[in-house]
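Engineer: Have a peek at protein-v8.csv (CSV, N, CA, C and O atoms).
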```
chain,number,residue,atom,x,y,z
A,1122,MET,N,2.4,2.8,-18.2
A,1122,MET,CA,2.8,1.5,-17.6
A,1122,MET,C,1.6,0.8,-17.1
A,1122,MET,O,0.8,1.4,-16.3
A,1123,SER,N,1.4,-0.4,-17.4
A,1123,SER,CA,0.2,-1.2,-17.0
A,1123,SER,C,0.4,-1.6,-15.6
A,1123,SER,O,1.4,-2.0,-15.1
A,1124,LYS,N,-0.8,-1.6,-14.8
A,1124,LYS,CA,-0.8,-2.1,-13.5
A,1124,LYS,C,-1.6,-3.3,-13.3
A,1124,LYS,O,-2.6,-3.5,-14.0
A,1125,VAL,N,-1.3,-4.1,-12.3
A,1125,VAL,CA,-2.1,-5.3,-11.9
A,1125,VAL,C,-2.7,-5.0,-10.6
A,1125,VAL,O,-2.1,-4.4,-9.7
A,1126,ALA,N,-4.0,-5.5,-10.4
A,1126,ALA,CA,-4.7,-5.3,-9.1
A,1126,ALA,C,-4.9,-6.6,-8.4
A,1126,ALA,O,-5.1,-7.6,-9.1
A,1127,LEU,N,-4.7,-6.6,-7.1
A,1127,LEU,CA,-5.0,-7.7,-6.3
A,1127,LEU,C,-5.7,-7.3,-5.0
A,1127,LEU,O,-5.6,-6.2,-4.6
A,1128,LYS,N,-6.5,-8.2,-4.5
A,1128,LYS,CA,-7.0,-8.0,-3.1
A,1128,LYS,C,-6.4,-9.0,-2.2
A,1128,LYS,O,-6.3,-10.2,-2.5
A,1129,LEU,N,-5.8,-8.5,-1.1
A,1129,LEU,CA,-5.1,-9.3,-0.2
A,1129,LEU,C,-5.8,-9.2,1.2
A,1129,LEU,O,-6.2,-8.2,1.6
A,1130,GLN,N,-5.8,-10.4,1.9
A,1130,GLN,CA,-6.4,-10.3,3.2
A,1130,GLN,C,-5.2,-10.4,4.2
A,1130,GLN,O,-4.3,-11.3,4.0
A,1131,VAL,N,-5.2,-9.6,5.2
A,1131,VAL,CA,-4.1,-9.4,6.1
A,1131,VAL,C,-4.6,-9.5,7.6
A,1131,VAL,O,-5.5,-8.7,7.9
A,1132,ALA,N,-4.0,-10.3,8.4
A,1132,ALA,CA,-4.4,-10.4,9.8
A,1132,ALA,C,-3.8,-9.2,10.5
A,1132,ALA,O,-2.7,-8.6,10.1
A,1133,ALA,N,-4.5,-8.7,11.5
A,1133,ALA,CA,-4.1,-7.5,12.2
A,1133,ALA,C,-2.6,-7.5,12.7
A,1133,ALA,O,-1.9,-6.5,12.6
A,1134,GLU,N,-2.2,-8.7,13.2
A,1134,GLU,CA,-0.8,-8.8,13.7
A,1134,GLU,C,0.3,-8.6,12.6
A,1134,GLU,O,1.4,-8.4,12.9
A,1135,ASN,N,-0.1,-8.8,11.3
A,1135,ASN,CA,0.8,-8.7,10.2
A,1135,ASN,C,0.8,-7.3,9.6
A,1135,ASN,O,1.6,-7.0,8.7
A,1136,MET,N,-0.1,-6.4,10.0
A,1136,MET,CA,-0.2,-5.1,9.4
A,1136,MET,C,1.0,-4.2,9.5
A,1136,MET,O,1.3,-3.6,8.5
A,1137,PRO,N,1.8,-4.2,10.6
A,1137,PRO,CA,2.9,-3.3,10.6
A,1137,PRO,C,4.0,-3.7,9.5
A,1137,PRO,O,4.5,-2.9,8.8
A,1138,ALA,N,4.3,-5.0,9.4
A,1138,ALA,CA,5.2,-5.4,8.4
A,1138,ALA,C,4.7,-5.2,7.0
A,1138,ALA,O,5.4,-4.8,6.0
A,1139,PHE,N,3.4,-5.5,6.8
A,1139,PHE,CA,2.7,-5.3,5.5
A,1139,PHE,C,2.8,-3.9,5.1
A,1139,PHE,O,3.1,-3.5,3.9
A,1140,THR,N,2.4,-3.0,6.0
A,1140,THR,CA,2.4,-1.5,5.7
A,1140,THR,C,3.8,-1.0,5.4
A,1140,THR,O,4.0,-0.2,4.5
A,1141,LYS,N,4.8,-1.5,6.1
A,1141,LYS,CA,6.2,-1.1,5.8
A,1141,LYS,C,6.6,-1.4,4.4
A,1141,LYS,O,7.1,-0.6,3.7
A,1142,ILE,N,6.2,-2.6,3.9
A,1142,ILE,CA,6.5,-3.0,2.5
A,1142,ILE,C,5.8,-2.1,1.5
A,1142,ILE,O,6.3,-1.6,0.5
A,1143,LEU,N,4.5,-1.8,1.8
A,1143,LEU,CA,3.7,-1.0,0.9
A,1143,LEU,C,4.3,0.4,0.8
A,1143,LEU,O,4.5,0.9,-0.3
A,1144,THR,N,4.8,1.0,1.9
A,1144,THR,CA,5.3,2.4,1.9
A,1144,THR,C,6.7,2.4,1.3
A,1144,THR,O,7.0,3.3,0.5
A,1145,GLU,N,7.5,1.4,1.6
A,1145,GLU,CA,8.9,1.4,1.0
A,1145,GLU,C,8.9,1.3,-0.5
A,1145,GLU,O,9.8,1.7,-1.2
A,1146,HIS,N,7.9,0.6,-1.1
A,1146,HIS,CA,7.8,0.4,-2.5
A,1146,HIS,C,6.8,1.2,-3.2
A,1146,HIS,O,6.5,1.0,-4.4
A,1147,ASP,N,6.2,2.1,-2.5
A,1147,ASP,CA,5.2,3.1,-3.0
A,1147,ASP,C,4.1,2.4,-3.8
A,1147,ASP,O,3.8,2.7,-5.0
A,1148,ILE,N,3.5,1.3,-3.2
A,1148,ILE,CA,2.5,0.5,-3.8
A,1148,ILE,C,1.1,1.2,-3.5
A,1148,ILE,O,0.8,1.4,-2.3
A,1149,ASP,N,0.3,1.5,-4.5
A,1149,ASP,CA,-1.0,2.0,-4.3
A,1149,ASP,C,-1.9,1.0,-3.6
A,1149,ASP,O,-1.9,-0.2,-4.0
A,1150,ASN,N,-2.6,1.4,-2.6
A,1150,ASN,CA,-3.4,0.5,-1.8
A,1150,ASN,C,-4.6,1.2,-1.2
A,1150,ASN,O,-4.6,2.4,-1.0
A,1151,GLU,N,-5.6,0.4,-0.8
A,1151,GLU,CA,-6.8,0.9,-0.2
A,1151,GLU,C,-7.4,-0.2,0.6
A,1151,GLU,O,-7.5,-1.3,0.1
A,1152,ILE,N,-7.8,0.1,1.9
A,1152,ILE,CA,-8.6,-0.9,2.6
A,1152,ILE,C,-10.0,-0.9,2.1
A,1152,ILE,O,-10.6,0.2,2.0
A,1153,VAL,N,-10.5,-2.0,1.7
A,1153,VAL,CA,-11.8,-2.1,1.1
A,1153,VAL,C,-12.8,-2.9,1.9
A,1153,VAL,O,-13.9,-3.1,1.5
A,1154,GLY,N,-12.3,-3.5,3.0
A,1154,GLY,CA,-13.3,-4.3,3.8
A,1154,GLY,C,-12.5,-5.2,4.8
A,1154,GLY,O,-11.4,-5.0,5.1
A,1155,HIS,N,-13.3,-6.1,5.3
A,1155,HIS,CA,-12.7,-7.1,6.2
A,1155,HIS,C,-13.5,-8.4,6.1
A,1155,HIS,O,-14.6,-8.5,5.6
A,1156,THR,N,-12.8,-9.5,6.5
A,1156,THR,CA,-13.4,-10.8,6.5
A,1156,THR,C,-14.2,-11.1,7.7
A,1156,THR,O,-14.1,-10.3,8.7
A,1157,GLU,N,-14.9,-12.2,7.8
A,1157,GLU,CA,-15.6,-12.6,9.0
A,1157,GLU,C,-14.7,-12.8,10.1
A,1157,GLU,O,-15.1,-12.7,11.3
A,1158,GLU,N,-13.4,-13.2,9.8
A,1158,GLU,CA,-12.4,-13.4,10.9
A,1158,GLU,C,-11.7,-12.1,11.3
A,1158,GLU,O,-10.7,-12.1,12.0
A,1159,GLU,N,-12.2,-10.9,10.8
A,1159,GLU,CA,-11.7,-9.6,11.1
A,1159,GLU,C,-10.3,-9.4,10.5
A,1159,GLU,O,-9.6,-8.5,10.9
A,1160,GLU,N,-10.0,-10.1,9.4
A,1160,GLU,CA,-8.8,-9.8,8.7
A,1160,GLU,C,-9.1,-8.7,7.7
A,1160,GLU,O,-10.2,-8.6,7.1
A,1161,LEU,N,-8.2,-7.7,7.5
A,1161,LEU,CA,-8.4,-6.6,6.6
A,1161,LEU,C,-8.3,-7.1,5.1
A,1161,LEU,O,-7.4,-7.9,4.8
A,1162,ILE,N,-9.1,-6.5,4.2
A,1162,ILE,CA,-9.0,-6.8,2.8
A,1162,ILE,C,-8.4,-5.5,2.2
A,1162,ILE,O,-9.0,-4.4,2.3
A,1163,ILE,N,-7.2,-5.6,1.6
A,1163,ILE,CA,-6.5,-4.5,1.0
A,1163,ILE,C,-6.4,-4.7,-0.5
A,1163,ILE,O,-5.9,-5.7,-1.0
A,1164,HIS,N,-6.9,-3.7,-1.2
A,1164,HIS,CA,-6.8,-3.6,-2.7
A,1164,HIS,C,-5.4,-3.0,-3.0
A,1164,HIS,O,-5.2,-1.9,-2.6
A,1165,VAL,N,-4.6,-3.7,-3.7
A,1165,VAL,CA,-3.3,-3.1,-4.1
A,1165,VAL,C,-3.2,-3.1,-5.6
A,1165,VAL,O,-3.7,-4.0,-6.3
A,1166,GLU,N,-2.5,-2.1,-6.2
A,1166,GLU,CA,-2.2,-2.0,-7.6
A,1166,GLU,C,-0.7,-1.8,-7.7
A,1166,GLU,O,-0.1,-0.9,-7.0
A,1167,TYR,N,-0.1,-2.6,-8.6
A,1167,TYR,CA,1.4,-2.5,-8.7
A,1167,TYR,C,1.7,-2.7,-10.2
A,1167,TYR,O,1.0,-3.3,-11.0
A,1168,ALA,N,3.0,-2.2,-10.5
A,1168,ALA,CA,3.5,-2.4,-11.8
A,1168,ALA,C,4.6,-3.4,-11.8
A,1168,ALA,O,5.1,-3.9,-10.7
A,1169,GLU,N,5.1,-3.8,-12.9
A,1169,GLU,CA,6.1,-4.9,-13.0
A,1169,GLU,C,7.3,-4.7,-12.1
A,1169,GLU,O,7.8,-5.6,-11.5
A,1170,PRO,N,7.9,-3.4,-12.0
A,1170,PRO,CA,9.1,-3.3,-11.1
A,1170,PRO,C,8.8,-3.6,-9.7
A,1170,PRO,O,9.7,-3.8,-8.9
A,1171,GLN,N,7.5,-3.6,-9.3
A,1171,GLN,CA,7.1,-3.8,-7.9
A,1171,GLN,C,6.8,-5.3,-7.6
A,1171,GLN,O,6.4,-5.6,-6.5
A,1172,GLU,N,6.9,-6.2,-8.5
A,1172,GLU,CA,6.5,-7.6,-8.4
A,1172,GLU,C,7.3,-8.2,-7.2
A,1172,GLU,O,6.7,-9.1,-6.5
A,1173,GLY,N,8.5,-7.9,-7.0
A,1173,GLY,CA,9.3,-8.5,-5.9
A,1173,GLY,C,8.7,-8.1,-4.6
A,1173,GLY,O,8.6,-8.9,-3.7
A,1174,ALA,N,8.2,-6.9,-4.5
A,1174,ALA,CA,7.6,-6.4,-3.2
A,1174,ALA,C,6.3,-7.1,-3.0
A,1174,ALA,O,5.9,-7.4,-1.8
A,1175,ILE,N,5.6,-7.5,-4.1
A,1175,ILE,CA,4.3,-8.2,-3.9
A,1175,ILE,C,4.6,-9.6,-3.3
A,1175,ILE,O,3.8,-10.1,-2.5
A,1176,GLU,N,5.6,-10.2,-3.8
A,1176,GLU,CA,6.0,-11.5,-3.2
A,1176,GLU,C,6.3,-11.4,-1.7
A,1176,GLU,O,5.9,-12.2,-0.9
A,1177,ASP,N,6.9,-10.3,-1.3
A,1177,ASP,CA,7.2,-10.0,0.1
A,1177,ASP,C,5.9,-9.8,0.9
A,1177,ASP,O,5.7,-10.3,2.0
A,1178,LEU,N,4.9,-9.1,0.2
A,1178,LEU,CA,3.6,-8.9,0.9
A,1178,LEU,C,2.9,-10.2,1.1
A,1178,LEU,O,2.2,-10.4,2.1
A,1179,LEU,N,3.0,-11.1,0.2
A,1179,LEU,CA,2.4,-12.4,0.3
A,1179,LEU,C,2.9,-13.3,1.4
A,1179,LEU,O,2.2,-14.2,1.9
A,1180,GLU,N,4.0,-12.9,2.0
A,1180,GLU,CA,4.5,-13.6,3.2
A,1180,GLU,C,3.7,-13.2,4.4
A,1180,GLU,O,3.7,-14.0,5.3
A,1181,PHE,N,3.1,-12.1,4.3
A,1181,PHE,CA,2.3,-11.6,5.5
A,1181,PHE,C,0.8,-11.6,5.2
A,1181,PHE,O,0.0,-11.0,6.0
A,1182,SER,N,0.4,-12.1,4.1
A,1182,SER,CA,-1.0,-12.1,3.7
A,1182,SER,C,-1.4,-13.2,2.8
A,1182,SER,O,-0.5,-14.1,2.5
A,1183,GLU,N,-2.6,-13.2,2.3
A,1183,GLU,CA,-3.0,-14.2,1.3
A,1183,GLU,C,-3.9,-13.5,0.3
A,1183,GLU,O,-4.6,-12.5,0.7
A,1184,ILE,N,-4.0,-14.1,-0.9
A,1184,ILE,CA,-4.9,-13.5,-1.9
A,1184,ILE,C,-6.4,-13.7,-1.4
A,1184,ILE,O,-6.7,-14.8,-1.1
A,1185,PHE,N,-7.1,-12.6,-1.5
A,1185,PHE,CA,-8.5,-12.7,-1.1
A,1185,PHE,C,-9.4,-13.2,-2.2
A,1185,PHE,O,-9.3,-12.7,-3.3
A,1186,GLU,N,-10.1,-14.3,-2.0
A,1186,GLU,CA,-10.9,-14.8,-3.0
A,1186,GLU,C,-12.4,-14.8,-2.5
A,1186,GLU,O,-12.7,-15.4,-1.5
A,1187,GLU,N,-13.2,-14.0,-3.1
A,1187,GLU,CA,-14.6,-13.9,-2.7
A,1187,GLU,C,-15.3,-15.2,-2.9
A,1187,GLU,O,-15.0,-16.0,-3.8
A,1188,ASP,N,-16.2,-15.5,-2.0
A,1188,ASP,CA,-16.9,-16.7,-2.0
A,1188,ASP,C,-18.0,-16.6,-3.0
A,1188,ASP,O,-19.0,-15.9,-2.8
A,1189,PHE,N,-17.9,-17.2,-4.2
A,1189,PHE,CA,-18.9,-17.2,-5.2
A,1189,PHE,C,-20.0,-18.2,-5.0
A,1189,PHE,O,-21.0,-18.1,-5.7
A,1190,ASP,N,-19.9,-19.0,-4.1
A,1190,ASP,CA,-20.9,-20.0,-3.8
A,1190,ASP,C,-22.0,-19.4,-2.9
A,1190,ASP,O,-21.9,-19.4,-1.7
A,1191,GLN,N,-23.0,-18.8,-3.5
A,1191,GLN,CA,-24.0,-18.2,-2.7
A,1191,GLN,C,-25.2,-19.2,-2.5
A,1191,GLN,O,-25.4,-20.0,-3.3
A,1192,GLU,N,-25.9,-19.0,-1.4
A,1192,GLU,CA,-27.0,-19.9,-1.1
A,1192,GLU,C,-28.1,-19.7,-2.1
A,1192,GLU,O,-28.4,-18.5,-2.5
A,1193,GLU,N,-28.6,-20.8,-2.6
A,1193,GLU,CA,-29.7,-20.7,-3.6
A,1193,GLU,C,-31.0,-20.3,-2.8
A,1193,GLU,O,-31.3,-20.8,-1.7
A,1194,GLU,N,-31.8,-19.5,-3.4
A,1194,GLU,CA,-33.1,-19.1,-2.8
A,1194,GLU,C,-34.1,-20.3,-3.0
A,1194,GLU,O,-34.1,-20.9,-4.1
A,1195,GLU,N,-34.8,-20.6,-2.0
A,1195,GLU,CA,-35.8,-21.6,-2.1
A,1195,GLU,C,-37.0,-21.0,-2.8
A,1195,GLU,O,-37.5,-19.9,-2.5
A,1196,ASP,N,-37.6,-21.8,-3.7
A,1196,ASP,CA,-38.8,-21.4,-4.4
A,1196,ASP,C,-40.1,-21.7,-3.7
A,1196,ASP,O,-40.3,-22.5,-3.0
```
As structure tokens, please, write out the structure in this file.
Structural biologist:
Amino acid sequence: MSKVALKLQVAAENMPAFTKILTEHDIDNEIVGHTEEEELIIHVEYAEPQEGAIEDLLEFSEIFEEDFDQEEEED
């Protein structure tokens, strides 16, 4: 079965509800970092039957999008 991967950023106050959904739906996850605002970045992998749970997770988080706009080096 194919899995989809996402990185989600979660504020500390939302972690209990977020974690409950992860464990109830047996979603593979790993903390991979944090933002400048100290929100956790969680890597999740899920299969099609878990898509509904991912929608629930998004109520307590947002998709992490890395900032690709890096400062240009001066010559």
Engineer: Do you know which residues are at most 8 Å from region 1145-1156 of chain A counting all atoms listed in the file, after dropping those on the same chain fewer than 6 positions away, and could you put them as a ChimeraX atom specification?
Structural biologist: /A:1125-1131,1138-1139,1162-1168,1170-1171,1174
Engineer: Can you list every residue in chain A that DSSP puts in alpha helix (DSSP H), as a list in words?
Structural biologist: Met1136, Pro1137, Ala1138, Phe1139, Thr1140, Lys1141, Ile1142, Leu1143, Thr1144, Glu1145, Glu1172, Gly1173, Ala1174, Ile1175, Glu1176, Asp1177 and Leu1178 of chain A
Engineer: Among chain A, which ones does DSSP place in strand (DSSP E or B), written as a list in words?
Structural biologist: Val1125, Ala1126, Leu1127, Lys1128, Leu1129, Gln1130, Val1131, Asp1149, Asn1150, Glu1151, Ile1152, Val1153, Gly1154, His1155, Leu1161, Ile1162, Ile1163, His1164, Val1165, Glu1166, Tyr1167, Glu1183 and Ile1184 of chain A
Engineer: Record the distance separating atom C of Thr1144 (chain A) and atom O of Glu1186 (chain A), expressed in Å with one decimal.
Structural biologist: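 These two atoms are separated by 26.5 Å.
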Engineer: Could you state the separation of atom O of Leu1179 (chain A) and atom O of Leu1161 (chain A) in Å, given to one decimal place?
Structural biologist: 11.8 Å
Engineer: From the list A:Glu1180, A:Glu1158, A:Glu1134, A:Glu1169, which residue is nearest Met1122 (chain A) when using only C-alpha atoms?
Structural biologist: A:Glu1169
Engineer: Kindly give the distance, in Å, that separates atom N of Phe1185 (chain A) and CA of Ser1123 (chain A), rounded to a single decimal.
Structural biologist: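 Atom-to-atom, atom N of Phe1185 (chain A) to CA of Ser1123 (chain A), that is 20.6 Å.
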Engineer: Counting only C-alpha atoms, figure out which residue out of A:Lys1124, A:Pro1137, A:Glu1159, A:Ile1142 gets nearest to Ile1175 (chain A).
Structural biologist: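 Using only C-alpha atoms, the shortest distance to Ile1175 (chain A) belongs to A:Ile1142.
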